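S.K.: Handing you a structure now.
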Amino acid sequence: MQWMILLITTLGLLEVVAIKKWNFGYGLLSETNLKAGDYIRTSRTEPFHVFAVDEETVIYGYKGSCHGIDLWTTLIGKNKFSKWAKGMMVQKEKIDNSKSYCNFDPAIGAALAKRLIGKKLPFNRNSCNTYTYRRYFLRGKAVWNTCWYQFTFGGLSKGCPLARELYGLTVAHVEHPDFVLWDKDGYEYKISDFKEYPNYVNLFGNWTRS
């Protein structure tokens with residue numbers, strides 16, 4: 001009987017230790033102080049990362065079908081106090097843009113991303129996917145200018161509106177009604193040119209506290 005109690009106690013302690021180790025550096029999303037541009041790892045497999053666009057709202061990209069045949073994607077917005085976020089543990093990740101990315105401030109990307117929540121956005125599984133958008137908002141530039149990347153993917157796909165680099169711009173620039181993005185062929189897109197993603201609210205809900 002005593003060894004059984006000892007075994008149960010030991011297992012209980014191990015469980016507590018394991019949980020504490022897993023939670024090291026993590027905190028509830030609802031209790032985390034957010035600022036625009038924060039890049040955040042979550043305790044979930046999907047989404048594994050989110051991006052803060054203001055003090056209460058995080059976004060992540062819609063990946064579409066597993067077969068990659070979707071031509072469109074969207075940015076999904078969620079409030080940190082919503083039911084969706086209940087119990088979510090998060091940890092901020094440091095983004096260093098000081099060397100290769102011209103000291104780009106992710107808050108600029110966040111201001112742009114916030115305007116694109118729920119919009120119907122061009123998608124290509126190789127070179128205009130959710131990671132391409134995320135890199136653009138975090139780094140101010142969508143693709144790496146490497147021979148391997150250019151040879152493999154040919155840069156951005158046709159119609160992908162992320163060819164304009166955001167270096168040297170401010171939050172005021174990207175929030176201006178006349179701000180434009182453009183694709184690799186120079187075709188310009190105002191934010192108003194992007195239509196609402198079909199059935200967005202039915203699919204993903206409102207990005208409020210509800």
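In the structure tokens, the first chain shown is A, the next is B, and so on; residue numbers restart at 1 for each chain, and ligands run from 1 in the order shown.
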What lies within 12 Å of stretch 100-105 of chain A using only C-alpha atoms, ignoring chain neighbours under 2 positions off, as an MDAnalysis selection string?
M.R.: chainID A and resid 35:39 95:98 107:111 135:145 165:171
S.K.: Looking only at the backbone, which of the residues in stretch 95-199 of chain A does DSSP tag as alpha helix (DSSP H), as number ranges by chain?
M.R.: A: 106-116, 130-139, 147-153, 171-175
S.K.: Could you work out how far atom CA of A:Pro198 lies from atom CA of A:Lys120, giving the answer in Å with one decimal?
M.R.: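 Distance reported for this atom pair: 7.6 Å.
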S.K.: Could you tell me how far atom CA of A:Thr45 sits from atom CA of A:Gln91, in Å to one decimal place?
M.R.: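 Value for the atom CA of A:Gln91-atom CA of A:Thr45 distance: 13.8 Å.
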S.K.: Tell me which of A:Cys128, A:Tyr197, A:Val53, A:Phe179 sits closest to A:Ala163, counting only C-alpha atoms.
M.R.: A:Cys128
S.K.: Residues within 9 Å of A:Lys184, please, as a list in words. Count only C-alpha atoms; anything in the same chain fewer than 2 positions from it doesn't count.
M.R.: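 Using only C-alpha atoms, the neighbours found are Gly155, Leu156, Ser157, Lys158, Gly159, Cys160, Pro161, Leu162, Ala163, Arg164, Trp182, Gly186 and Tyr187 of chain A.
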S.K.: Residues within 7 Å of A:Lys78, please, as a PyMOL selection string. Count only C-alpha atoms; anything in the same chain fewer than 3 positions from it doesn't count.
M.R.: chain A and resi 57-59+207-208
S.K.: Write a file of the selected residues as a JSON list (two decimals), in the first residue's frame, keeping C-alpha atoms.
M.R.:
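The new file part-v4.json reads:
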[["chain", "number", "residue", "atom", "x", "y", "z"],
["A", 57, "THR", "CA", -6.04, 41.50, -31.68],
["A", 58, "VAL", "CA", -3.89, 38.74, -33.15],
["A", 59, "ILE", "CA", -3.98, 37.38, -36.67],
["A", 207, "TRP", "CA", -12.68, 39.40, -34.41],
["A", 208, "THR", "CA", -14.24, 40.88, -31.28]]
